[in-house]
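Structure data follow from query-v7.txt (compact mmCIF, C-alpha atoms and all ligand atoms):
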# COMPACT_ATOMS: atom_id res chain seq x y z
CA MET A 1 -30.99 -3.63 -20.01
CA PRO A 2 -29.02 -1.19 -17.88
CA ILE A 3 -25.34 -1.57 -18.54
CA VAL A 4 -22.98 -1.81 -15.62
CA ASP A 5 -20.02 -0.39 -17.46
CA LEU A 6 -18.39 2.00 -15.07
CA VAL A 7 -16.99 2.29 -11.60
CA VAL A 8 -17.84 4.87 -9.00
CA LEU A 9 -14.75 5.49 -6.92
CA ARG A 10 -15.01 7.30 -3.62
CA PRO A 11 -11.80 8.80 -2.26
CA GLY A 12 -11.10 8.34 1.41
CA GLU A 13 -9.22 10.48 3.82
CA ILE A 14 -8.16 12.94 1.17
CA SER A 15 -11.55 14.52 1.34
CA LEU A 16 -10.67 15.65 4.87
CA LYS A 17 -7.73 17.60 3.63
CA GLY A 18 -9.51 20.89 3.08
CA GLY A 19 -7.41 23.25 1.03
CA ASN A 20 -5.13 20.47 -0.15
CA ARG A 21 -7.94 18.45 -1.53
CA ARG A 22 -7.37 19.38 -5.15
CA TYR A 23 -3.72 18.46 -4.85
CA PHE A 24 -4.52 15.06 -3.34
CA GLU A 25 -7.14 14.38 -5.97
CA LYS A 26 -4.72 15.28 -8.70
CA ILE A 27 -2.21 12.74 -7.40
CA LEU A 28 -4.89 10.11 -6.97
CA ARG A 29 -5.98 10.65 -10.56
CA LYS A 30 -2.40 10.32 -11.75
CA ASN A 31 -1.97 7.06 -9.82
CA LEU A 32 -5.23 5.72 -11.21
CA ARG A 33 -4.14 6.65 -14.70
CA ALA A 34 -0.85 4.81 -14.23
CA LEU A 35 -2.70 1.73 -13.02
CA LEU A 36 -5.47 1.67 -15.59
CA GLY A 37 -3.64 2.73 -18.71
CA LYS A 38 -4.98 5.10 -21.35
CA ASP A 39 -8.12 3.32 -22.46
CA ILE A 40 -10.37 3.87 -19.52
CA PRO A 41 -11.75 7.38 -19.10
CA ILE A 42 -11.34 8.90 -15.63
CA GLU A 43 -13.70 11.67 -14.72
CA ARG A 44 -13.61 13.62 -11.50
CA LEU A 45 -16.77 15.33 -10.40
CA TRP A 46 -17.68 16.70 -6.99
CA GLY A 47 -15.21 14.72 -5.00
CA ARG A 48 -15.62 11.42 -6.76
CA PHE A 49 -14.17 9.65 -9.69
CA TYR A 50 -15.94 7.80 -12.44
CA LEU A 51 -13.91 5.18 -14.23
CA GLY A 52 -15.32 4.19 -17.57
CA PRO A 53 -17.37 3.57 -19.55
CA ILE A 54 -15.24 0.49 -20.02
CA PRO A 55 -14.44 0.17 -23.71
CA GLY A 56 -15.84 -2.84 -25.47
CA GLY A 57 -18.29 -3.96 -22.92
CA GLY A 58 -20.63 -3.49 -20.10
CA GLU A 59 -20.49 -7.01 -18.89
CA LEU A 60 -20.72 -6.92 -15.10
CA GLY A 61 -17.51 -8.93 -14.81
CA ASN A 62 -15.45 -6.18 -16.35
CA ALA A 63 -16.75 -3.44 -14.13
CA ARG A 64 -16.31 -5.68 -11.10
CA ALA A 65 -12.75 -6.50 -12.02
CA LEU A 66 -12.03 -2.83 -12.55
CA ALA A 67 -13.68 -1.87 -9.27
CA GLN A 68 -11.60 -4.44 -7.40
CA LYS A 69 -8.40 -3.37 -9.07
CA ALA A 70 -8.99 0.32 -8.44
CA ALA A 71 -9.91 -0.35 -4.80
CA LYS A 72 -6.31 -1.39 -4.19
CA VAL A 73 -5.07 2.14 -4.85
CA PHE A 74 -4.13 4.07 -1.73
CA GLY A 75 -6.45 6.99 -1.06
CA VAL A 76 -9.55 5.05 -2.11
CA ALA A 77 -12.31 4.51 0.45
CA ASN A 78 -14.38 2.19 -1.73
CA THR A 79 -15.52 1.45 -5.25
CA SER A 80 -18.69 0.20 -6.87
CA PRO A 81 -19.39 -1.22 -10.29
CA ALA A 82 -22.30 0.89 -11.45
CA CYS A 83 -24.60 1.76 -14.26
CA ARG A 84 -25.44 5.28 -15.22
CA VAL A 85 -28.89 6.47 -16.24
CA GLU A 86 -30.50 9.81 -16.83
CA THR A 87 -31.53 11.63 -13.71
CA ASN A 88 -35.30 11.14 -13.75
CA GLU A 89 -37.51 9.01 -11.63
CA GLU A 90 -38.75 6.77 -14.38
CA ALA A 91 -35.30 5.92 -15.76
CA ILE A 92 -33.91 5.22 -12.31
CA THR A 93 -36.82 3.01 -11.31
CA LYS A 94 -36.68 1.03 -14.52
CA ALA A 95 -32.95 0.42 -14.16
CA CYS A 96 -33.33 -0.61 -10.51
CA ILE A 97 -35.97 -3.19 -11.38
CA GLU A 98 -33.85 -4.63 -14.16
CA LEU A 99 -30.70 -4.77 -12.06
CA MET A 100 -32.54 -6.36 -9.16
CA GLY A 101 -34.02 -8.92 -11.56
CA GLN A 102 -30.54 -9.81 -12.74
CA GLU A 103 -29.30 -10.07 -9.20
CA LEU A 104 -32.15 -12.35 -8.10
CA LEU A 105 -31.99 -14.53 -11.19
CA PRO A 106 -29.62 -17.18 -9.79
CA GLN A 107 -31.92 -17.61 -6.80
CA LYS A 108 -34.86 -18.43 -9.10
CA GLY A 109 -37.27 -16.48 -6.97
CA THR A 110 -37.54 -19.15 -4.34
CA ARG A 111 -35.36 -17.92 -1.51
CA GLU A 112 -36.14 -14.85 0.46
CA ALA A 113 -33.65 -12.05 -0.06
CA SER A 114 -33.24 -9.00 2.12
CA PHE A 115 -32.47 -5.64 0.60
CA ALA A 116 -32.20 -1.97 1.40
CA VAL A 117 -32.42 1.03 -0.86
CA ARG A 118 -29.99 3.81 -0.09
CA VAL A 119 -30.44 7.03 -1.96
CA ARG A 120 -28.15 10.01 -1.97
CA ARG A 121 -29.46 13.04 -3.69
CA ALA A 122 -26.74 15.48 -4.68
CA ASP A 123 -29.01 16.99 -7.33
CA LYS A 124 -31.47 19.02 -5.29
CA THR A 125 -33.59 19.72 -8.36
CA PHE A 126 -34.67 16.08 -8.28
CA PRO A 127 -38.27 16.36 -7.09
CA LYS A 128 -38.31 13.70 -4.35
CA ARG A 129 -36.33 13.77 -1.15
CA SER A 130 -33.88 10.88 -0.65
CA MET A 131 -35.90 9.13 2.04
CA ASP A 132 -39.18 9.44 0.18
CA PHE A 133 -37.70 8.17 -3.03
CA ALA A 134 -36.00 5.25 -1.27
CA ARG A 135 -39.26 4.27 0.33
CA SER A 136 -41.35 4.42 -2.82
CA LEU A 137 -38.68 2.61 -4.81
CA GLY A 138 -38.48 -0.07 -2.12
CA GLY A 139 -42.25 -0.56 -2.44
CA THR A 140 -42.04 -0.82 -6.21
CA LEU A 141 -39.31 -3.46 -5.93
CA ILE A 142 -41.27 -5.54 -3.43
CA ASP A 143 -44.25 -5.45 -5.76
CA ALA A 144 -42.06 -6.66 -8.60
CA PHE A 145 -40.19 -9.33 -6.59
CA PRO A 146 -42.26 -10.89 -3.80
CA GLN A 147 -39.25 -12.71 -2.32
CA LEU A 148 -37.70 -9.38 -1.28
CA ARG A 149 -37.87 -8.17 2.27
CA VAL A 150 -36.47 -4.97 3.69
CA ASP A 151 -33.54 -5.13 6.09
CA LEU A 152 -31.99 -1.74 6.59
CA ASP A 153 -29.17 -2.91 8.85
CA HIS A 154 -27.76 -6.02 7.20
CA PRO A 155 -29.23 -6.32 3.74
CA MET A 156 -28.08 -9.11 1.46
CA ILE A 157 -28.56 -6.75 -1.44
CA PRO A 158 -27.71 -3.13 -0.70
CA LEU A 159 -29.06 -1.14 -3.60
CA GLY A 160 -27.31 2.19 -3.83
CA ILE A 161 -28.46 5.13 -5.88
CA GLU A 162 -26.66 8.39 -6.23
CA ILE A 163 -28.65 11.10 -7.88
CA ARG A 164 -26.50 13.76 -9.47
CA PRO A 165 -26.86 16.44 -12.08
CA GLU A 166 -24.53 14.60 -14.46
CA GLY A 167 -26.57 11.42 -14.20
CA SER A 168 -27.69 8.88 -11.64
CA PHE A 169 -25.60 5.93 -10.59
CA ILE A 170 -26.97 2.61 -9.47
CA PHE A 171 -24.95 -0.11 -7.83
CA LEU A 172 -25.33 -3.29 -5.82
CA GLU A 173 -21.83 -3.83 -4.56
CA GLN A 174 -19.15 -1.91 -2.77
CA PHE A 175 -15.51 -2.95 -2.50
CA LYS A 176 -13.54 -1.69 0.42
CA GLY A 177 -10.59 0.41 -0.68
CA ALA A 178 -7.00 0.36 0.50
CA GLY A 179 -7.49 3.53 2.54
CA GLY A 180 -4.53 5.71 3.37
CA LEU A 181 -3.33 8.57 1.21
CA PRO A 182 -2.42 8.57 -2.48
CA VAL A 183 1.18 7.49 -3.04
CA GLY A 184 3.31 10.54 -3.72
CA CYS A 185 1.36 13.15 -1.80
CA GLU A 186 3.63 12.87 1.24
CA GLY A 187 6.90 12.83 -0.64
CA ARG A 188 9.56 10.18 -1.08
CA VAL A 189 11.34 7.95 1.41
CA LEU A 190 14.03 5.27 1.21
CA CYS A 191 13.30 1.88 2.76
CA LEU A 192 16.06 -0.56 3.66
CA LEU A 193 14.75 -3.76 2.19
CA SER A 194 16.16 -7.08 3.31
CA GLY A 195 14.77 -10.40 2.18
CA GLY A 196 12.90 -10.82 5.45
CA ILE A 197 9.28 -10.54 6.44
CA ASP A 198 9.41 -7.17 8.14
CA SER A 199 10.93 -4.61 5.84
CA PRO A 200 8.48 -5.14 2.94
CA VAL A 201 5.65 -4.55 5.39
CA ALA A 202 7.35 -1.39 6.65
CA ALA A 203 7.68 -0.16 3.07
CA TRP A 204 4.00 -0.85 2.49
CA GLN A 205 3.01 1.07 5.62
CA MET A 206 4.80 4.14 4.34
CA MET A 207 3.16 3.82 0.92
CA LYS A 208 -0.15 3.66 2.67
CA ARG A 209 0.55 7.01 4.27
CA GLY A 210 1.19 8.60 0.91
CA CYS A 211 4.93 8.16 0.50
CA ARG A 212 6.60 7.03 -2.66
CA VAL A 213 9.03 4.41 -1.38
CA ASP A 214 12.38 3.76 -3.02
CA LEU A 215 13.95 0.48 -1.91
CA LEU A 216 17.57 -0.10 -0.99
CA HIS A 217 19.11 -3.52 -0.57
CA PHE A 218 22.54 -4.39 0.80
CA ASP A 219 23.86 -7.25 -1.26
CA SER A 220 26.20 -9.78 0.33
CA ARG A 221 27.14 -11.74 -2.75
CA PRO A 222 29.36 -13.68 -3.16
CA PHE A 223 28.93 -14.77 0.46
CA ILE A 224 25.35 -15.57 -0.33
CA GLY A 225 23.95 -16.90 -3.56
CA GLU A 226 22.27 -15.22 -6.50
CA GLY A 227 18.95 -16.58 -5.22
CA SER A 228 18.87 -14.14 -2.30
CA LEU A 229 19.02 -11.17 -4.63
CA GLN A 230 16.38 -12.66 -6.91
CA LYS A 231 14.15 -12.96 -3.88
CA VAL A 232 14.63 -9.28 -3.05
CA ARG A 233 13.77 -8.42 -6.65
CA ARG A 234 10.59 -10.45 -6.34
CA LEU A 235 9.71 -8.59 -3.15
CA ALA A 236 10.29 -5.28 -4.91
CA HIS A 237 8.13 -6.43 -7.79
CA SER A 238 5.36 -7.44 -5.42
CA LEU A 239 5.49 -4.12 -3.58
CA ASN A 240 5.37 -2.37 -6.92
CA GLY A 241 1.77 -3.50 -7.21
CA TRP A 242 0.95 -0.95 -4.52
CA GLN A 243 2.68 2.09 -5.95
CA GLY A 244 4.02 1.53 -9.48
CA ARG A 245 7.34 2.79 -10.84
CA THR A 246 9.27 1.25 -7.93
CA ARG A 247 13.03 1.69 -7.88
CA LEU A 248 15.35 -0.83 -6.24
CA GLY A 249 18.88 0.26 -5.37
CA ILE A 250 21.52 -2.38 -4.77
CA VAL A 251 24.59 -1.69 -2.69
CA GLU A 252 27.59 -4.01 -2.77
CA PHE A 253 28.13 -4.87 0.89
CA SER A 254 30.43 -7.87 1.10
CA GLU A 255 33.67 -5.89 1.27
CA ILE A 256 32.39 -3.85 4.20
CA GLN A 257 31.13 -6.99 5.88
CA THR A 258 34.50 -8.62 5.54
CA LYS A 259 36.23 -5.61 7.08
CA LEU A 260 33.80 -5.50 9.98
CA ARG A 261 33.91 -9.23 10.51
CA ASP A 262 37.64 -9.05 11.09
CA LEU A 263 37.31 -6.54 13.94
CA PRO A 264 37.48 -7.71 17.55
CA LYS A 265 34.37 -7.97 19.75
CA GLU A 266 32.30 -10.09 17.44
CA GLY A 267 29.20 -9.41 19.56
CA TYR A 268 29.10 -5.96 17.91
CA ARG A 269 29.12 -7.26 14.37
CA THR A 270 25.44 -6.86 13.56
CA ILE A 271 25.37 -3.42 15.13
CA LEU A 272 28.29 -2.35 12.99
CA TYR A 273 26.68 -3.72 9.82
CA ARG A 274 23.60 -1.72 10.62
CA ARG A 275 25.55 1.44 11.32
CA PHE A 276 27.19 1.20 7.91
CA MET A 277 23.90 0.47 6.20
CA LEU A 278 22.48 3.54 7.79
CA ARG A 279 25.37 5.81 6.80
CA ILE A 280 25.24 4.61 3.21
CA ALA A 281 21.45 4.80 3.03
CA GLU A 282 21.43 8.29 4.47
CA ARG A 283 23.96 9.51 1.94
CA ILE A 284 21.97 7.99 -0.92
CA ALA A 285 18.72 9.34 0.46
CA ARG A 286 20.09 12.86 0.61
CA GLU A 287 21.40 12.62 -2.94
CA ARG A 288 18.05 11.45 -4.22
CA GLY A 289 15.93 13.80 -2.22
CA ASN A 290 14.37 11.16 0.04
CA GLY A 291 12.95 12.80 3.12
CA ALA A 292 13.43 9.88 5.52
CA LEU A 293 14.76 6.36 5.95
CA VAL A 294 12.50 3.42 6.76
CA THR A 295 13.40 0.11 8.38
CA GLY A 296 11.48 -2.96 9.49
CA ASP A 297 12.75 -2.86 13.08
CA SER A 298 10.40 -4.02 15.80
CA LEU A 299 11.34 -3.44 19.41
CA GLY A 300 12.98 -6.40 21.10
CA GLN A 301 12.49 -8.78 18.18
CA VAL A 302 16.15 -9.64 17.81
CA ALA A 303 19.33 -8.55 19.56
CA SER A 304 19.93 -5.70 17.15
CA GLN A 305 16.55 -4.23 17.99
CA THR A 306 16.82 -3.56 21.70
CA LEU A 307 16.31 0.01 22.83
CA GLU A 308 20.03 0.40 23.43
CA ASN A 309 21.08 -1.08 20.12
CA LEU A 310 18.58 0.91 18.11
CA HIS A 311 20.18 3.93 19.72
CA VAL A 312 23.72 2.82 18.89
CA VAL A 313 22.69 2.19 15.28
CA ALA A 314 20.78 5.46 14.89
CA ALA A 315 23.73 7.36 16.36
CA ALA A 316 25.64 6.66 13.14
CA SER A 317 23.21 8.78 11.16
CA GLU A 318 23.51 12.48 10.55
CA GLY A 319 19.95 13.23 11.48
CA LEU A 320 17.67 12.30 8.60
CA PRO A 321 14.45 10.99 10.18
CA ILE A 322 14.32 7.20 10.50
CA PHE A 323 10.85 5.68 10.52
CA ARG A 324 10.20 2.24 11.93
CA PRO A 325 6.51 1.67 11.31
CA LEU A 326 6.63 -1.82 12.85
CA ILE A 327 8.26 -0.81 16.10
CA GLY A 328 5.19 -1.74 18.15
CA PHE A 329 4.13 -4.79 16.15
CA ASP A 330 4.23 -8.38 17.33
CA LYS A 331 5.68 -10.80 14.81
CA GLU A 332 2.21 -12.32 14.39
CA GLU A 333 0.76 -8.96 13.44
CA THR A 334 3.50 -8.30 10.93
CA MET A 335 3.04 -11.75 9.42
CA ALA A 336 -0.69 -11.25 9.07
CA LEU A 337 -0.11 -7.98 7.28
CA ALA A 338 2.59 -9.53 5.08
CA ARG A 339 0.06 -12.14 3.99
CA LYS A 340 -2.53 -9.52 3.28
CA ILE A 341 -0.25 -7.42 1.11
CA GLY A 342 1.17 -10.41 -0.73
CA THR A 343 4.83 -10.41 0.35
CA PHE A 344 4.75 -13.21 2.91
CA GLU A 345 5.14 -16.13 0.54
CA ILE A 346 8.18 -14.51 -1.02
CA SER A 347 9.74 -13.54 2.30
CA ILE A 348 9.65 -17.08 3.63
CA GLU A 349 11.48 -18.56 0.66
CA PRO A 350 14.59 -20.09 2.18
CA PHE A 351 17.58 -18.02 1.14
CA ASP A 352 20.42 -16.73 3.26
CA ASP A 353 20.43 -13.13 4.28
CA CYS A 354 23.41 -10.97 4.88
CA CYS A 355 23.12 -10.73 8.61
CA THR A 356 22.70 -14.35 9.48
CA LEU A 357 25.99 -14.63 7.69
CA PHE A 358 28.85 -14.26 10.17
CA GLN A 359 26.27 -13.85 12.91
CA PRO A 360 28.01 -13.69 16.28
CA GLU A 361 27.17 -16.43 18.75
CA GLN A 362 26.61 -13.96 21.53
CA PRO A 363 25.30 -10.73 20.05
CA VAL A 364 25.54 -7.74 22.38
CA THR A 365 22.12 -6.63 23.54
CA ARG A 366 23.15 -3.46 25.31
CA GLY A 367 25.58 -1.91 22.90
CA LYS A 368 27.51 1.24 23.68
CA ILE A 369 28.14 4.00 21.18
CA GLU A 370 31.73 4.52 22.38
CA VAL A 371 32.56 0.86 21.82
CA ALA A 372 31.08 0.89 18.33
CA GLU A 373 33.04 4.05 17.51
CA ARG A 374 36.25 2.63 18.89
CA LEU A 375 35.89 -0.49 16.75
CA GLU A 376 35.05 1.48 13.63
CA ALA A 377 38.10 3.68 14.10
CA LYS A 378 40.09 0.73 12.77
CA VAL A 379 38.53 1.00 9.31
CA ASP A 380 38.34 3.86 6.83
CA ILE A 381 34.67 4.69 7.23
CA GLU A 382 34.62 7.52 4.73
CA ASP A 383 36.28 5.50 2.00
CA LEU A 384 34.00 2.50 2.49
CA VAL A 385 30.85 4.59 2.57
CA THR A 386 31.80 6.77 -0.38
CA ARG A 387 32.60 3.83 -2.60
CA ALA A 388 29.46 1.95 -1.61
CA VAL A 389 27.36 5.00 -2.45
CA GLU A 390 29.10 5.52 -5.78
CA GLU A 391 28.68 1.91 -6.78
CA CYS A 392 25.02 1.67 -5.86
CA HIS A 393 23.05 0.76 -8.96
CA TRP A 394 19.37 1.11 -9.59
CA GLU A 395 16.88 -1.22 -11.15
CA THR A 396 13.28 -0.57 -11.99
P1 LIG B 401 13.45 -8.13 8.13
O1 LIG B 401 12.42 -9.20 8.24
O2 LIG B 401 12.96 -6.90 7.47
O3 LIG B 401 14.76 -8.66 7.59
P2 LIG B 401 14.36 -8.62 10.77
O4 LIG B 401 13.42 -8.72 11.86
O5 LIG B 401 14.93 -9.86 10.15
O6 LIG B 401 13.73 -7.72 9.62
P3 LIG B 401 16.95 -7.54 10.82
O7 LIG B 401 17.32 -8.55 9.81
O8 LIG B 401 17.76 -7.41 12.05
O9 LIG B 401 15.49 -7.70 11.30
O10 LIG B 401 16.91 -6.15 10.10
C1 LIG B 401 16.34 -5.00 10.65
C2 LIG B 401 16.11 -4.03 9.51
O11 LIG B 401 17.35 -3.65 8.91
C3 LIG B 401 15.33 -4.65 8.37
O12 LIG B 401 13.95 -4.59 8.60
C4 LIG B 401 15.73 -3.81 7.21
O13 LIG B 401 15.04 -2.58 7.17
C5 LIG B 401 17.19 -3.53 7.51
N1 LIG B 401 18.05 -4.54 6.84
C6 LIG B 401 18.58 -5.66 7.35
N2 LIG B 401 19.31 -6.31 6.42
C7 LIG B 401 19.24 -5.59 5.28
C8 LIG B 401 19.76 -5.73 3.94
N3 LIG B 401 20.53 -6.75 3.58
N4 LIG B 401 19.46 -4.77 3.04
C9 LIG B 401 18.69 -3.72 3.39
N5 LIG B 401 18.18 -3.55 4.61
C10 LIG B 401 18.43 -4.46 5.54
MG MG B 402 16.28 -9.83 8.43
Take the structure in this file and express it as structure tokens.
Ligand code: ATP
Ligand code: MG
Amino acid sequence: MPIVDLVVLRPGEISLKGGNRRYFEKILRKNLRALLGKDIPIERLWGRFYLGPIPGGGELGNARALAQKAAKVFGVANTSPACRVETNEEAITKACIELMGQELLPQKGTREASFAVRVRRADKTFPKRSMDFARSLGGTLIDAFPQLRVDLDHPMIPLGIEIRPEGSFIFLEQFKGAGGLPVGCEGRVLCLLSGGIDSPVAAWQMMKRGCRVDLLHFDSRPFIGEGSLQKVRRLAHSLNGWQGRTRLGIVEFSEIQTKLRDLPKEGYRTILYRRFMLRIAERIARERGNGALVTGDSLGQVASQTLENLHVVAAASEGLPIFRPLIGFDKEETMALARKIGTFEISIEPFDDCCTLFQPEQPVTRGKIEVAERLEAKVDIEDLVTRAVEECHWET
């Protein structure tokens, strides 16, 4: 019996990166290693990775589980549980017949099943050309299993064969990968993470484009309960599934909120909160070497996210780039993505968040920088920011 005990992993976009390819592959390998632990060998050969053989078994279930797990790593185009045989026609044919037999077993030979054979020949010393080999193999399989019929466009069973010098790989399944770029290859950013739906999705979008994302939360306890912070921790934990080694920074924010709440013009409150968050985040980002800030803002979604107010908020920064990957998203789109990445159910848990607290009844929608500055002149910005930065603590 051929043993399906490894996974063929095909990197995605990184293979377009020309001269940087080795660098990207190195990071991808490191991320795979962190995900899979020490026990599973990872081999890189000619632009692909082989994971396995899986210790202690070649049961299809294991290789499938591994293929599905590894597909979730950014930078992966797709994965296949596979078996490896010697590169010669006889060995490949024998393995294909046995695998197909296994695959057709549950159908007891009654139902018709469509299939296609797809051969890629990277080993040019293999005597048959890809097309010729695919055709003759297809014929052999039809002879062996009369219920098979060829369908090259939408086969129920796509039988893939990759013929390589190091061996030939046979597989029946392909799992779509997470796409994007390996986390870490585009540097490190700092995402302002609330307990809402949007910011976890924004963090994920940046991970997808190869950033390692540190998370920063502004904590309004004791105005809000312990539960809100636990929720943020659960969000961080969930996001960690996409990058590993996630760090969550927590900034004590209630003192600043109290000071800002007591200022006149309550319509500016949320804008002022945001301006302070940005100042503190920027300072922390610079200290930690984060190349940009990330927020979950989406244009026009709430009063603080009008064009004018985004400007007033951003004006408090000293120029570190601020990315808002959701700026053009509808709420529905963000929610769909949140579901897909696994943060939605946590985000909708009912806990207070810091900005619904003391929310003005009539938030300003067209804020002015001068007004914000005039209001802030009544507090000691530098002192508040410095202390908040110093007291930020990090959790893993
Ligand atoms: P979210 O669903 O991410 O909370 P939102 O649509 O509710 O977004 P706001 O609450 O106005 O919008 O927040 C806009 C952005 O400001 C958030 O996406 C997040 O990046 C940041 N932010 C808001 N509150 C906090 C907080 N307590 N800690 C860290 N960042 C925050
Ligand atoms: Mg929010």
Spatial neighbours of A:Leu278, 9 Å, all atoms listed in the file, chain gap at least 2 places, as a PyMOL selection string: chain A and resi 192+273-276+280-283+293+313-314+316-317
Test item: residues lying within 8 Å of ligand LIG 401 (chain B) with only C-alpha atoms and all ligand atoms, as a PyMOL selection string: chain A and resi 191-202+216-220+270+274+277+294-298+301-305+347+353-356
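Selection around (35.4, 4.0, 0.3) with radius 12 Å, counting all atoms listed in the file, yields the residues Glu252, Phe253, Glu255, Ile256, Lys259, Phe276, Ile280, Val379, Asp380, Ile381, Glu382, Asp383, Leu384, Val385, Thr386, Arg387, Ala388, Val389, Glu390 and Glu391 of chain A.
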Could you turn the residues from that selection into a file that holds C-alpha atoms, as an mmCIF file, in the coordinates of the input?
data_model
loop_
_atom_site.group_PDB
_atom_site.id
_atom_site.type_symbol
_atom_site.label_atom_id
_atom_site.label_comp_id
_atom_site.auth_asym_id
_atom_site.auth_seq_id
_atom_site.Cartn_x
_atom_site.Cartn_y
_atom_site.Cartn_z
ATOM 1 C CA GLU A 252 27.590 -4.010 -2.770
ATOM 2 C CA PHE A 253 28.130 -4.870 0.890
ATOM 3 C CA GLU A 255 33.670 -5.890 1.270
ATOM 4 C CA ILE A 256 32.390 -3.850 4.200
ATOM 5 C CA LYS A 259 36.230 -5.610 7.080
ATOM 6 C CA PHE A 276 27.190 1.200 7.910
ATOM 7 C CA ILE A 280 25.240 4.610 3.210
ATOM 8 C CA VAL A 379 38.530 1.000 9.310
ATOM 9 C CA ASP A 380 38.340 3.860 6.830
ATOM 10 C CA ILE A 381 34.670 4.690 7.230
ATOM 11 C CA GLU A 382 34.620 7.520 4.730
ATOM 12 C CA ASP A 383 36.280 5.500 2.000
ATOM 13 C CA LEU A 384 34.000 2.500 2.490
ATOM 14 C CA VAL A 385 30.850 4.590 2.570
ATOM 15 C CA THR A 386 31.800 6.770 -0.380
ATOM 16 C CA ARG A 387 32.600 3.830 -2.600
ATOM 17 C CA ALA A 388 29.460 1.950 -1.610
ATOM 18 C CA VAL A 389 27.360 5.000 -2.450
ATOM 19 C CA GLU A 390 29.100 5.520 -5.780
ATOM 20 C CA GLU A 391 28.680 1.910 -6.780
#
Cut-off 9 Å around (4.0, -1.1, 4.7) with all atoms listed in the file: residues as JSON, numbers by chain: {"A": [198, 199, 200, 201, 202, 203, 204, 205, 206, 207, 208, 209, 239, 325, 326, 337, 338, 341]}
Residue contacts of A:Glu186 (8 Å, only C-alpha atoms) excluding same-chain residues fewer than 5 positions away, as a list in words: Arg209, Gly210, Cys211 and Arg212 of chain A
Pick from A:Gly249, A:Gly244, A:Pro106, A:Pro146 nearest to A:Trp394, counting only C-alpha atoms: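 Nearest candidate to A:Trp394 out of A:Gly249, A:Gly244, A:Pro106, A:Pro146: A:Gly249.
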